[in-house]
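**Student:** This is the structure I want to talk about, given as structure tokens.
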Amino acid sequence: MRHPPRSVLLAVAGAVALIGSVTVPVVTASGAAPACSVEYSVTSQWDSGFQGAVKVTNNTAAMSSWSLAFDFAGGQKLTQGWNATWSQSGTAVTAASESYNGSLATGASVSAGFIASWSGSNAVPNSFKLNGTSCNTAVEPSPTPEPTDPAEDGPPVLRASGNKLVDAGGVTSRLLGVNRSGGEFMCVQGRGIFDGPVDDASVKAIADWKANTVRIPLNEECWLGLSNIDPAYAGANYINAVKDLVAKVKAHGMTPVVELHWTHGQYTGNSAGCSDVHASCQKPMPDMQYTPSFWASVANTFKNDRTVVFDLFNEPYPDRATSTTTQAWQCWRDGGSCPGIGYEVAGMQDLVDSVRGTGAANLILAGGIAYSNDLSQWLTYRPADPAGNLAAAWHVYNFNTCANESCWNSTLAPVAAQVPLVAGEIGENTCAHGFIDQVMKWFDDRGLSYLGWTWNTWDCSSGPSLISSYDGTPTAFGTGLRDRLRALNG
């Protein structure tokens, strides 16, 4: 869904197709505790570059600033970094604290990330120094963590089984709930991370509507901590805020859906939302430069919690750029150089591969073209999923093309007969609920899933928004969804 007009900012560069990831923790040697310990990770890697991270733990007296030094051993060259001031001279690399993360208490840890090029080999550094003191570490492989079990009263682990979503016991489930907008735009506009409160009381208010699902839109530049984003709202700070909201959603028994909304890549063609290269509006397709790395990082973050659902890309619209529908669907699945789009596109297959390359088996949602309102060729072009855990996502508003039962019967019903179908966004700009009532009935009659847009206190005629207060007071539009959820799940 497009958002009410808001201010913009931004800048940055660099990556290509993700081909894998590796984590190499650097752990302390046996004996007396060292001055520090360091974990060095390669979180994603492609043909000529990689994304890495370091986690430093201070085991000595508290310090007000820190500087980590190590040597690249395989000809790697830094191109950018975040959560530290990064520099390189020859093979020597330094990551110095920023003003906001210099304080490091005894036993405290700090993380920073970077992007670098490589050729020949991507050897792991074997020695680290914190403020000139050796961290006295040795390299060992880390064990693969076991998937965590959700709490007994938490949300189910969902998977696609035929055309149904089922839980671990094989019982059919539906995703019924709301969207919680904010994480896609606040950070890139330098105004925060979420729009409005995301404390326990505000999440409980969603649960009180008897919702069982919350979709959380995200911004790839903020998650990756790119240099155009205010560090206070980027990188680890942003990721931790998302993880905290996911935990709150789960604590109230609801399924969290993390979704990529706004992405990098300059597009000024038909129906462009903005002329900015940065992730400040909805682009027609995700970009190969950063989106595979984004999904590899998100998948690594949540792969041990399969209650979290991944929604690959909000509202693709390559059909507005290309001259034929066939070209649009080919661009949607395969990416690459798409007609009318000036940046290299990451197709849905690239993103599925990025997620599955981490070992994550979480349920994946993939929306169609025409702002996810057209699923007419979704079955023909659906990406291959080695985990067999893929569902179709669809969006509908009263002003869309496919906004009547005739279209739903002809284009949605065939998809819903073969794979699970989730209406990730439903809404109308009338401040009423007559249209979504029709949508919900069609979906209820077929046991399908839907999520209302959006749990934000905007003007429901321009938003559309479900609430007038974060205590759950509904707008006239929101009343329709609230009453339906309570009737189904009350």
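Ligands are numbered from 1 in the order shown, residues from 1 within each chain, and chains are lettered A, B, ... in the order they appear in the structure tokens.
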Could you find all residues in segment 239-341 of chain A that DSSP calls strand (DSSP E or B) from the backbone, and write them as a ChimeraX atom specification?

**Tutor:** /A:255-262,287,309-311,336

**Student:** Atom CA of Ser293 of chain A and atom CA of Thr263 of chain A are how many Å apart?

**Tutor:**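 Computing it gives 11.9 Å between the two atoms.
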
**Student:** Check the smallest atom-to-atom distance from each of A:Asp385, A:Glu221, A:Glu344, A:Glu259 to Cys187 of chain A using only C-alpha atoms, then report the winner.

**Tutor:**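 Nearest to Cys187 of chain A: A:Glu221.
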
**Student:** Hey, which of A:Met288, A:Ala53, A:Leu175, A:Ala346 ends up closest to Ala391 of chain A? Count only C-alpha atoms.

**Tutor:**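 Counting only C-alpha atoms, the residue closest to Ala391 of chain A is A:Leu175.
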
**Student:** Taking 2 positions as the minimum chain separation for residues in the same chain, which residues sit within 12 Å of Ala423 of chain A when counting only C-alpha atoms? Answer as an NGL selection string.

**Tutor:** :A and (174-179 or 215 or 311 or 314-315 or 365-368 or 372-375 or 391-397 or 408 or 412 or 416 or 420-421 or 425-427 or 436 or 439-440 or 442-444 or 447-453)

**Student:** What does the structure give for the distance between atom CA of Ile193 of chain A and atom CA of Phe114 of chain A, in Å to one decimal?

**Tutor:** 21.4 Å
